$ cat my_file34.txt   # compact mmCIF, C-alpha atoms
# COMPACT_ATOMS: atom_id res chain seq x y z
CA MET A 19 0.78 -9.14 21.49
CA LEU A 20 3.26 -10.13 18.79
CA LEU A 21 3.22 -11.37 15.21
CA ILE A 22 5.88 -12.27 12.70
CA ALA A 23 5.43 -10.96 9.16
CA ILE A 24 7.05 -12.81 6.24
CA GLU A 25 7.70 -11.32 2.78
CA SER A 26 8.97 -13.21 -0.29
CA SER A 27 6.95 -11.78 -3.18
CA CYS A 28 9.88 -11.09 -5.52
CA ASP A 29 13.60 -11.05 -4.77
CA GLU A 30 13.85 -10.02 -1.12
CA THR A 31 13.49 -12.55 1.68
CA ALA A 32 12.29 -10.65 4.74
CA ALA A 33 10.79 -11.12 8.18
CA ALA A 34 9.86 -8.75 10.98
CA VAL A 35 8.50 -9.12 14.50
CA ILE A 36 5.85 -6.48 15.17
CA ARG A 37 3.81 -5.58 18.27
CA ASP A 38 0.11 -4.84 18.00
CA ASP A 39 0.85 -1.18 18.85
CA GLY A 40 3.02 -0.96 15.72
CA GLU A 41 6.42 -1.18 17.42
CA ILE A 42 8.94 -2.99 15.23
CA LEU A 43 11.04 -5.31 17.39
CA SER A 44 13.15 -6.62 14.52
CA GLU A 45 13.46 -6.56 10.76
CA ILE A 46 15.64 -8.74 8.56
CA VAL A 47 16.01 -8.45 4.77
CA ALA A 48 18.17 -10.74 2.63
CA SER A 49 18.62 -9.13 -0.78
CA GLN A 50 19.14 -11.01 -4.05
CA ALA A 51 20.36 -8.00 -6.05
CA ARG A 52 23.80 -9.44 -6.72
CA LEU A 53 22.33 -12.79 -7.74
CA HIS A 54 20.26 -11.21 -10.53
CA GLU A 55 22.69 -8.47 -11.54
CA GLU A 56 24.33 -10.35 -14.41
CA TYR A 57 20.91 -10.99 -15.98
CA GLY A 58 19.78 -7.37 -15.81
CA GLY A 59 16.60 -8.30 -13.95
CA VAL A 60 14.97 -10.82 -11.64
CA VAL A 61 15.04 -14.44 -12.85
CA PRO A 62 11.97 -16.08 -11.23
CA GLU A 63 13.47 -19.58 -10.90
CA LEU A 64 16.65 -18.26 -9.29
CA ALA A 65 14.60 -16.04 -6.99
CA SER A 66 12.46 -18.90 -5.68
CA ARG A 67 15.49 -21.12 -5.11
CA ALA A 68 17.24 -18.34 -3.19
CA HIS A 69 14.14 -17.86 -1.04
CA MET A 70 14.18 -21.56 -0.18
CA GLU A 71 17.75 -21.24 1.06
CA ARG A 72 17.16 -18.09 3.06
CA ILE A 73 13.62 -18.18 4.43
CA LEU A 74 14.29 -20.19 7.61
CA PRO A 75 17.55 -18.38 8.53
CA VAL A 76 15.79 -15.02 8.00
CA ILE A 77 12.85 -16.02 10.21
CA ASP A 78 15.24 -17.34 12.86
CA ALA A 79 17.29 -14.13 12.76
CA ALA A 80 14.16 -11.98 13.14
CA ILE A 81 13.03 -13.95 16.20
CA LYS A 82 16.47 -13.78 17.81
CA ARG A 83 16.95 -10.08 17.11
CA ALA A 84 13.53 -9.34 18.64
CA GLY A 85 14.60 -11.15 21.81
CA VAL A 86 11.47 -13.29 21.88
CA ALA A 87 10.62 -16.97 21.55
CA LEU A 88 8.46 -18.56 18.88
CA SER A 89 5.98 -19.43 21.61
CA ASP A 90 5.54 -15.70 22.30
CA LEU A 91 3.97 -15.11 18.88
CA ASP A 92 0.23 -14.57 18.65
CA ALA A 93 -0.04 -14.76 14.85
CA VAL A 94 1.90 -15.49 11.68
CA ALA A 95 1.43 -13.10 8.73
CA VAL A 96 2.62 -13.65 5.19
CA VAL A 97 2.41 -11.93 1.81
CA ASN A 98 0.42 -14.16 -0.58
CA ALA A 99 -0.27 -11.68 -3.41
CA PRO A 100 0.70 -10.27 -5.81
CA GLY A 101 4.16 -11.34 -6.94
CA LEU A 102 6.16 -14.14 -8.52
CA VAL A 103 4.30 -17.38 -7.88
CA GLY A 104 7.39 -19.44 -7.02
CA SER A 105 8.68 -16.79 -4.64
CA LEU A 106 5.31 -16.34 -2.94
CA LEU A 107 4.96 -20.09 -2.45
CA VAL A 108 8.15 -20.25 -0.41
CA GLY A 109 7.03 -17.62 2.06
CA VAL A 110 3.47 -18.94 2.30
CA SER A 111 4.67 -22.52 2.83
CA ALA A 112 6.99 -21.43 5.63
CA ALA A 113 4.23 -19.38 7.27
CA LYS A 114 1.75 -22.26 7.09
CA GLY A 115 4.22 -24.61 8.73
CA LEU A 116 4.97 -22.10 11.46
CA ALA A 117 1.29 -21.34 12.13
CA LEU A 118 0.46 -25.06 12.26
CA ALA A 119 3.35 -25.88 14.58
CA LEU A 120 2.51 -23.03 16.95
CA GLY A 121 -1.25 -23.37 16.73
CA LYS A 122 -1.54 -19.66 15.92
CA PRO A 123 -3.72 -17.77 13.41
CA LEU A 124 -2.46 -17.35 9.84
CA VAL A 125 -2.98 -13.86 8.37
CA ALA A 126 -2.69 -13.07 4.65
CA VAL A 127 -1.08 -9.80 3.54
CA ASN A 128 -1.55 -8.12 0.18
CA HIS A 129 1.81 -6.75 -0.94
CA LEU A 130 0.33 -3.63 -2.57
CA GLN A 131 -1.85 -2.69 0.39
CA ALA A 132 1.20 -3.18 2.60
CA HIS A 133 3.25 -0.71 0.53
CA ILE A 134 0.70 2.00 1.22
CA TYR A 135 0.38 1.00 4.87
CA ALA A 136 4.14 1.54 5.20
CA CYS A 137 3.40 5.27 4.87
CA ARG A 138 1.25 5.03 7.98
CA VAL A 139 3.87 3.05 9.90
CA ALA A 140 6.66 5.44 8.93
CA ASN A 141 4.79 8.68 9.61
CA ASN A 142 2.87 7.44 12.68
CA CYS A 143 -0.32 9.18 11.63
CA GLU A 144 -3.68 8.41 10.05
CA ILE A 145 -3.49 8.41 6.24
CA PHE A 146 -6.88 6.94 5.26
CA PRO A 147 -8.83 7.61 3.15
CA CYS A 148 -6.23 8.44 0.53
CA VAL A 149 -5.12 7.96 -3.04
CA GLY A 150 -2.38 5.33 -3.12
CA LEU A 151 0.26 5.34 -5.84
CA ILE A 152 2.27 2.12 -5.95
CA VAL A 153 5.26 2.34 -8.25
CA SER A 154 7.85 -0.41 -8.44
CA GLY A 155 9.58 -2.86 -10.72
CA GLY A 156 6.45 -4.96 -11.06
CA HIS A 157 3.61 -2.51 -10.45
CA THR A 158 2.51 0.98 -11.34
CA SER A 159 -1.03 1.57 -10.15
CA LEU A 160 -3.36 4.06 -8.50
CA TYR A 161 -5.88 3.08 -5.82
CA LEU A 162 -8.68 4.68 -3.91
CA CYS A 163 -7.74 3.50 -0.42
CA GLU A 164 -10.86 3.89 1.70
CA ASN A 165 -9.28 2.22 4.72
CA PRO A 166 -6.37 -0.19 5.30
CA LEU A 167 -8.34 -3.14 3.91
CA GLN A 168 -10.52 -1.58 1.18
CA PHE A 169 -8.67 -0.62 -2.00
CA VAL A 170 -10.34 0.13 -5.36
CA LEU A 171 -8.21 0.20 -8.51
CA LEU A 172 -8.32 3.54 -10.33
CA GLY A 173 -5.68 2.91 -12.97
CA ALA A 174 -2.62 0.82 -13.76
CA THR A 175 0.07 0.40 -16.36
CA ILE A 176 -1.09 -1.33 -19.54
CA ASP A 177 2.45 -2.54 -20.30
CA ASP A 178 5.73 -1.94 -18.45
CA ALA A 179 5.87 -0.89 -14.82
CA ALA A 180 7.88 2.26 -14.18
CA GLY A 181 10.61 0.36 -12.35
CA GLU A 182 10.87 -2.14 -15.20
CA ALA A 183 11.29 0.76 -17.63
CA PHE A 184 14.08 2.16 -15.44
CA ASP A 185 15.87 -1.20 -15.54
CA LYS A 186 15.51 -1.58 -19.31
CA VAL A 187 16.63 1.95 -20.12
CA ALA A 188 19.59 1.56 -17.77
CA ALA A 189 20.58 -1.57 -19.70
CA MET A 190 20.34 0.35 -22.99
CA LEU A 191 22.64 3.00 -21.55
CA GLY A 192 25.14 0.40 -20.38
CA LEU A 193 24.37 1.00 -16.71
CA PRO A 194 24.27 -1.89 -14.20
CA TYR A 195 21.25 -3.45 -12.51
CA PRO A 196 19.21 -2.37 -10.61
CA GLY A 197 18.55 0.48 -13.01
CA GLY A 198 16.66 2.94 -10.80
CA PRO A 199 19.56 4.14 -8.65
CA GLN A 200 21.88 4.13 -11.69
CA ILE A 201 19.53 6.28 -13.77
CA GLN A 202 19.11 8.68 -10.86
CA ARG A 203 22.87 8.96 -10.42
CA ALA A 204 23.50 9.61 -14.12
CA ALA A 205 20.60 12.07 -14.27
CA GLU A 206 22.24 14.25 -11.66
CA SER A 207 24.82 15.25 -14.27
CA GLY A 208 22.35 15.49 -17.16
CA ASN A 209 19.93 18.00 -18.65
CA PRO A 210 16.31 16.85 -18.18
CA LYS A 211 15.24 19.13 -21.05
CA ALA A 212 17.76 17.79 -23.56
CA PHE A 213 15.28 15.31 -25.07
CA ARG A 214 11.49 15.62 -25.16
CA PHE A 215 10.41 12.03 -24.62
CA PRO A 216 6.70 11.02 -24.81
CA ARG A 217 4.39 11.12 -21.81
CA SER A 218 1.55 8.70 -22.51
CA TYR A 219 -1.90 9.54 -21.10
CA LYS A 220 -0.52 12.58 -19.29
CA ASN A 221 -3.19 14.96 -20.58
CA ASP A 222 -6.09 12.51 -20.52
CA GLU A 223 -7.78 13.19 -17.19
CA SER A 224 -10.49 10.62 -17.87
CA ASN A 225 -7.94 7.80 -18.04
CA LEU A 226 -5.80 7.06 -14.99
CA ASN A 227 -3.80 4.29 -16.66
CA PHE A 228 -0.08 4.42 -17.40
CA SER A 229 2.04 3.29 -20.35
CA PHE A 230 5.84 3.31 -20.47
CA SER A 231 6.60 1.12 -23.49
CA GLY A 232 6.45 4.07 -25.89
CA LEU A 233 8.85 6.02 -23.70
CA LYS A 234 11.21 3.08 -23.59
CA THR A 235 11.05 2.75 -27.40
CA ALA A 236 11.73 6.47 -27.84
CA VAL A 237 14.90 6.12 -25.79
CA ARG A 238 15.92 3.15 -27.92
CA TYR A 239 15.40 5.08 -31.15
CA GLU A 240 17.40 8.01 -29.80
CA LEU A 241 20.29 5.65 -29.05
CA VAL A 242 20.38 3.28 -32.03
CA GLY A 243 17.71 4.35 -34.52
CA THR A 244 14.82 2.25 -35.80
CA GLY A 245 16.64 -0.74 -37.27
CA LYS A 246 19.53 -1.70 -35.01
CA GLN A 247 18.77 -4.35 -32.40
CA SER A 248 21.96 -4.57 -30.36
CA PHE A 249 23.50 -2.16 -27.86
CA ALA A 250 26.70 -4.20 -27.57
CA ASP A 251 28.83 -1.69 -29.48
CA LEU A 252 26.95 1.44 -28.44
CA ASP A 253 29.28 4.42 -28.44
CA ILE A 254 27.87 7.61 -26.94
CA SER A 255 29.45 10.41 -24.96
CA GLU A 256 29.02 10.49 -21.21
CA GLU A 257 27.24 13.83 -21.63
CA LYS A 258 24.60 12.29 -23.91
CA ARG A 259 24.24 9.27 -21.62
CA CYS A 260 23.50 11.56 -18.68
CA ASP A 261 21.17 13.79 -20.73
CA ILE A 262 19.13 10.78 -21.86
CA ALA A 263 18.98 9.45 -18.29
CA ALA A 264 17.81 12.84 -17.00
CA SER A 265 15.25 13.32 -19.77
CA PHE A 266 13.88 9.80 -19.33
CA GLN A 267 13.60 10.21 -15.56
CA GLU A 268 11.90 13.58 -16.04
CA ALA A 269 9.29 12.00 -18.33
CA VAL A 270 8.51 9.18 -15.87
CA VAL A 271 8.28 11.55 -12.91
CA ASP A 272 6.09 13.96 -14.85
CA VAL A 273 3.60 11.24 -15.76
CA LEU A 274 3.50 9.70 -12.27
CA ALA A 275 2.99 13.05 -10.54
CA THR A 276 0.39 14.26 -13.04
CA LYS A 277 -1.72 11.09 -12.91
CA ALA A 278 -1.55 11.08 -9.10
CA HIS A 279 -2.87 14.65 -9.02
CA GLN A 280 -5.63 13.70 -11.48
CA ALA A 281 -6.61 10.83 -9.19
CA LEU A 282 -6.87 13.21 -6.25
CA LYS A 283 -9.14 15.50 -8.25
CA LYS A 284 -11.29 12.60 -9.45
CA THR A 285 -11.81 11.19 -5.95
CA GLY A 286 -11.98 14.53 -4.14
CA LEU A 287 -9.41 13.30 -1.63
CA ARG A 288 -6.59 15.47 -0.30
CA THR A 289 -4.07 12.83 0.79
CA LEU A 290 -1.59 11.02 -1.48
CA CYS A 291 0.47 8.08 -0.26
CA VAL A 292 3.24 6.62 -2.40
CA GLY A 293 4.97 3.27 -1.95
CA GLY A 294 7.19 0.85 -3.84
CA GLY A 295 10.81 0.84 -4.92
CA VAL A 296 10.51 3.76 -7.34
CA ALA A 297 9.15 5.88 -4.48
CA ALA A 298 12.79 6.06 -3.38
CA ASN A 299 13.62 8.14 -6.47
CA ALA A 300 14.74 11.59 -5.30
CA ALA A 301 13.34 13.44 -8.33
CA LEU A 302 9.90 11.87 -7.82
CA ARG A 303 9.85 12.71 -4.13
CA MET A 304 10.88 16.31 -4.82
CA ARG A 305 8.20 16.70 -7.51
CA LEU A 306 5.45 15.30 -5.28
CA GLU A 307 6.53 17.46 -2.35
CA SER A 308 6.40 20.50 -4.65
CA ASP A 309 3.00 19.52 -6.03
CA ALA A 310 1.65 18.99 -2.51
CA THR A 311 2.57 22.57 -1.63
CA ARG A 312 1.33 23.93 -4.96
CA PHE A 313 -2.03 22.15 -5.02
CA GLY A 314 -2.67 21.89 -1.30
CA PHE A 315 -2.74 18.17 -0.59
CA LYS A 316 -0.94 16.00 1.97
CA PHE A 317 1.85 13.78 0.68
CA TYR A 318 3.22 10.80 2.59
CA THR A 319 5.83 8.25 1.67
CA ALA A 320 8.08 5.90 3.58
CA PRO A 321 11.82 6.29 4.25
CA LEU A 322 14.02 4.76 1.58
CA ARG A 323 14.58 1.47 3.41
CA LEU A 324 10.81 0.88 3.57
CA CYS A 325 10.16 1.70 -0.09
CA THR A 326 11.76 -1.48 -1.37
CA ASP A 327 10.27 -4.83 -0.35
CA ASN A 328 10.43 -5.49 3.39
CA ALA A 329 8.44 -7.19 6.14
CA VAL A 330 7.89 -4.10 8.31
CA MET A 331 5.01 -3.09 6.07
CA GLY A 332 3.47 -6.41 7.11
CA ALA A 333 2.24 -4.45 10.15
CA ILE A 334 -0.97 -4.15 8.12
CA ALA A 335 -1.65 -7.73 9.26
CA TRP A 336 -2.78 -6.36 12.62
CA GLU A 337 -5.68 -4.66 10.81
CA ARG A 338 -6.83 -8.04 9.49
CA TYR A 339 -6.16 -9.71 12.85
CA ARG A 340 -8.38 -7.20 14.68
CA ALA A 341 -11.08 -7.76 12.06
CA GLY A 342 -10.89 -11.53 12.62
CA LEU A 343 -9.76 -12.15 9.04
CA PHE A 344 -7.76 -15.34 9.40
CA GLU A 345 -6.80 -17.91 6.75
CA SER A 346 -7.00 -21.66 6.64
CA LEU A 347 -3.98 -23.80 5.81
CA ASP A 348 -5.14 -24.09 2.21
CA LEU A 349 -4.24 -20.41 1.63
CA ASP A 350 -3.11 -20.01 -1.97
CA VAL A 351 -0.89 -17.47 -3.72
CA HIS A 352 -1.98 -15.05 -6.42
CA ALA A 353 0.28 -13.35 -8.95
CA GLY A 354 -2.25 -10.84 -10.27
CA LEU A 355 -2.95 -7.20 -9.57
CA LEU A 356 -5.22 -6.16 -6.70
CA ARG A 357 -8.34 -4.67 -8.33
CA ALA A 358 -10.78 -4.30 -5.48
CA GLN A 359 -10.90 -5.59 -1.92
$ encode --input "my_file34.txt" --output "structure tokens"
Amino acid sequence: MLLIAIESSCDETAAAVIRDDGEILSEIVASQARLHEEYGGVVPELASRAHMERILPVIDAAIKRAGVALSDLDAVAVVNAPGLVGSLLVGVSAAKGLALALGKPLVAVNHLQAHIYACRVANNCEIFPCVGLIVSGGHTSLYLCENPLQFVLLGATIDDAAGEAFDKVAAMLGLPYPGGPQIQRAAESGNPKAFRFPRSYKNDESNLNFSFSGLKTAVRYELVGTGKQSFADLDISEEKRCDIAASFQEAVVDVLATKAHQALKKTGLRTLCVGGGVAANAALRMRLESDATRFGFKFYTAPLRLCTDNAVMGAIAWERYRAGLFESLDLDVHAGLLRAQ
């Protein structure tokens, strides 16, 4: 059996053809990184317009690369939450049309659940139950993942997501978008102990929430003080730029790893799965691997190409398909965070 999974929750237009045994027959991703680069972040209106231009060619390319026909599909899966409303609507509209034309079931996919499921796809092993840490440009949250379809929110950021903080600090430092890879690159030449930036909630084991706005502000004050508003004429040495990047990254990684370990202790689980774009950060992966050895838990993440948004993680749709969880053609989109399901 075959399904096509469609992803358009933010700024990547993606589609993949996936067998019910998990084999990926094709995967296509059309990135919008260059489109949003000059703005230093994703512009929702531009993102949705780009999805409209790319969604049908991406679906067509996925079908052709898989070497199948549309009539061979047994289901159509699509991400409908969470994400940018305009972007989500493009993917959901295309999926509805395809499901209607083919007379096949429509399956909804939650983007955050799919990020954790990517760990299962990539490692080809059972990961549930587990603690799921989703860390990206739009989300930083911890879940108790009882099974592929039952997630309970344990904690989330109360302000900026970690990936958003990476982008904003990179902009302060005069580094291009997207900020995550640029911060990581600069940090390689920096001293992570040069600046002691704040780590909100790190030592509060009763609170599994995150906050990165204070960290972002601390970086700003280190660069321009408390009164200056513009970074246009910022003049710092390359050494200081790299030291700030390294110290900032160290603070983010420290908080993420510590809260993840606290979540494991709170739930009594011994498996941690991490997904989302920031899961591609080398320092974070190294810290979690070290913690897994130190504290005796299992740590799974996806390869770098499956950390950022993609349709391969839409393989989770087969779990809903087998459970008979199909959607009607009035399926709506939802921008908000997954709290319990």
$ closest_residue --input "my_file34.txt" --among "A:Ser159, A:Gln50, A:Asn128, A:Asn225" --to "Ala95 in chain A" --atoms "all atoms listed in the file"
A:Asn128
$ closest_residue --input "my_file34.txt" --among "A:Asp222, A:Asp185, A:Asp178, A:Asp327" --to "Ala32 in chain A" --atoms "only C-alpha atoms"
A:Asp327
$ closest_residue --input "my_file34.txt" --among "A:Leu306, A:Ser105, A:Ala183, A:Cys143" --to "Phe228 in chain A" --atoms "all atoms listed in the file"
A:Ala183
$ closest_residue --input "my_file34.txt" --among "A:Met304, A:Val61, A:Val292, A:Val97" --to "Asp272 in chain A" --atoms "all atoms listed in the file"
A:Met304
$ atom_distance --input "my_file34.txt" --atom1 "CA of Ala278 in chain A" --atom2 "CA of Pro166 in chain A"
18.9 Å
$ axis_aligned_box --input "my_file34.txt" --around "range 264-278 of chain A" --padding-each-side "8 Å" --output "AutoDock Vina command-line options"
--center_x 8.0 --center_y 11.7 --center_z -14.4 --size_x 35.5 --size_y 21.1 --size_z 26.7
$ residues_around --input "my_file34.txt" --residues "Thr31 in chain A" --least-positions-apart "6" --cutoff "7 Å" --atoms "all atoms listed in the file" --output "PDB file with C-alpha atoms, in the coordinates of the input"
ATOM      1  CA  GLU A  25       7.700 -11.320   2.780  1.00  0.00           C
ATOM      2  CA  VAL A  47      16.010  -8.450   4.770  1.00  0.00           C
ATOM      3  CA  ALA A  48      18.170 -10.740   2.630  1.00  0.00           C
ATOM      4  CA  SER A  49      18.620  -9.130  -0.780  1.00  0.00           C
ATOM      5  CA  HIS A  69      14.140 -17.860  -1.040  1.00  0.00           C
ATOM      6  CA  ARG A  72      17.160 -18.090   3.060  1.00  0.00           C
ATOM      7  CA  ILE A  73      13.620 -18.180   4.430  1.00  0.00           C
TER       8      ILE A  73
END
$ residues_around --input "my_file34.txt" --residues "Glu63 in chain A" --least-positions-apart "6" --cutoff "10 Å" --atoms "only C-alpha atoms" --output "JSON, numbers by chain"
{"A": [102, 103, 104, 105]}
$ residues_near_point --input "my_file34.txt" --point "(-0.1, 1.2, 7.0)" --cutoff "7 Å" --atoms "all atoms listed in the file" --output "number ranges by chain"
A: 132, 134-139, 166, 331, 333-334
$ closest_residue --input "my_file34.txt" --among "A:Arg338, A:Arg288, A:Arg83, A:Lys277" --to "Ser44 in chain A" --atoms "only C-alpha atoms"
A:Arg83
$ residues_around --input "my_file34.txt" --residues "Leu322 in chain A" --least-positions-apart "5" --cutoff "9 Å" --atoms "all atoms listed in the file" --output "list of chain:residue names"
A:Gly295, A:Ala297, A:Ala298, A:Asn299
$ write_last_selection --input "my_file34.txt" --atoms "C-alpha atoms" --output "mmCIF file, in the frame of the given file"
data_model
loop_
_atom_site.group_PDB
_atom_site.id
_atom_site.type_symbol
_atom_site.label_atom_id
_atom_site.label_comp_id
_atom_site.auth_asym_id
_atom_site.auth_seq_id
_atom_site.Cartn_x
_atom_site.Cartn_y
_atom_site.Cartn_z
ATOM 1 C CA GLY A 295 10.810 0.840 -4.920
ATOM 2 C CA ALA A 297 9.150 5.880 -4.480
ATOM 3 C CA ALA A 298 12.790 6.060 -3.380
ATOM 4 C CA ASN A 299 13.620 8.140 -6.470
#
$ closest_residue --input "my_file34.txt" --among "A:Leu290, A:Leu233, A:Leu74, A:Leu20" --to "Val187 in chain A" --atoms "only C-alpha atoms"
A:Leu233
$ atom_distance --input "my_file34.txt" --atom1 "CA of Ala99 in chain A" --atom2 "CA of His129 in chain A"
5.9 Å
$ atom_distance --input "my_file34.txt" --atom1 "CA of Thr175 in chain A" --atom2 "CA of Gly332 in chain A"
24.7 Å
$ residues_near_point --input "my_file34.txt" --point "(24.4, 8.5, -11.0)" --cutoff "12 Å" --atoms "all atoms listed in the file" --output "compact mmCIF listing (two decimals) with C-alpha atoms, in the frame of the given file"
# COMPACT_ATOMS: atom_id res chain seq x y z
CA ALA A 188 19.59 1.56 -17.77
CA LEU A 193 24.37 1.00 -16.71
CA PRO A 194 24.27 -1.89 -14.20
CA GLY A 197 18.55 0.48 -13.01
CA GLY A 198 16.66 2.94 -10.80
CA PRO A 199 19.56 4.14 -8.65
CA GLN A 200 21.88 4.13 -11.69
CA ILE A 201 19.53 6.28 -13.77
CA GLN A 202 19.11 8.68 -10.86
CA ARG A 203 22.87 8.96 -10.42
CA ALA A 204 23.50 9.61 -14.12
CA ALA A 205 20.60 12.07 -14.27
CA GLU A 206 22.24 14.25 -11.66
CA SER A 207 24.82 15.25 -14.27
CA GLY A 208 22.35 15.49 -17.16
CA GLU A 256 29.02 10.49 -21.21
CA ARG A 259 24.24 9.27 -21.62
CA CYS A 260 23.50 11.56 -18.68
CA ASP A 261 21.17 13.79 -20.73
CA ALA A 263 18.98 9.45 -18.29
CA ALA A 264 17.81 12.84 -17.00
CA GLN A 267 13.60 10.21 -15.56
CA ASN A 299 13.62 8.14 -6.47
CA ALA A 300 14.74 11.59 -5.30
$ residues_around --input "my_file34.txt" --residues "Leu120 in chain A" --least-positions-apart "6" --cutoff "10 Å" --atoms "all atoms listed in the file" --output "number ranges by chain"
A: 88-94, 114
$ residues_around --input "my_file34.txt" --residues "Pro100 in chain A" --least-positions-apart "3" --cutoff "6 Å" --atoms "all atoms listed in the file" --output "ChimeraX atom specification"
/A:352-354
$ decode --input "my_file34.txt" --residues "range 327-339 of chain A" --atoms "C-alpha atoms" --output "short mmCIF file (atom, residue, chain, number, x, y, z; two decimals), in the first residue's frame"
data_model
loop_
_atom_site.label_atom_id
_atom_site.label_comp_id
_atom_site.auth_asym_id
_atom_site.auth_seq_id
_atom_site.Cartn_x
_atom_site.Cartn_y
_atom_site.Cartn_z
CA ASP A 327 10.72 20.25 7.78
CA ASN A 328 10.14 17.40 5.34
CA ALA A 329 7.41 15.01 4.23
CA VAL A 330 9.20 11.77 5.14
CA MET A 331 8.13 12.23 8.75
CA GLY A 332 4.59 12.09 7.37
CA ALA A 333 5.05 8.31 7.63
CA ILE A 334 3.22 8.75 10.95
CA ALA A 335 0.06 8.94 8.81
CA TRP A 336 0.13 5.15 8.51
CA GLU A 337 -0.47 4.98 12.28
CA ARG A 338 -3.67 7.00 11.86
CA TYR A 339 -4.62 5.04 8.73
#
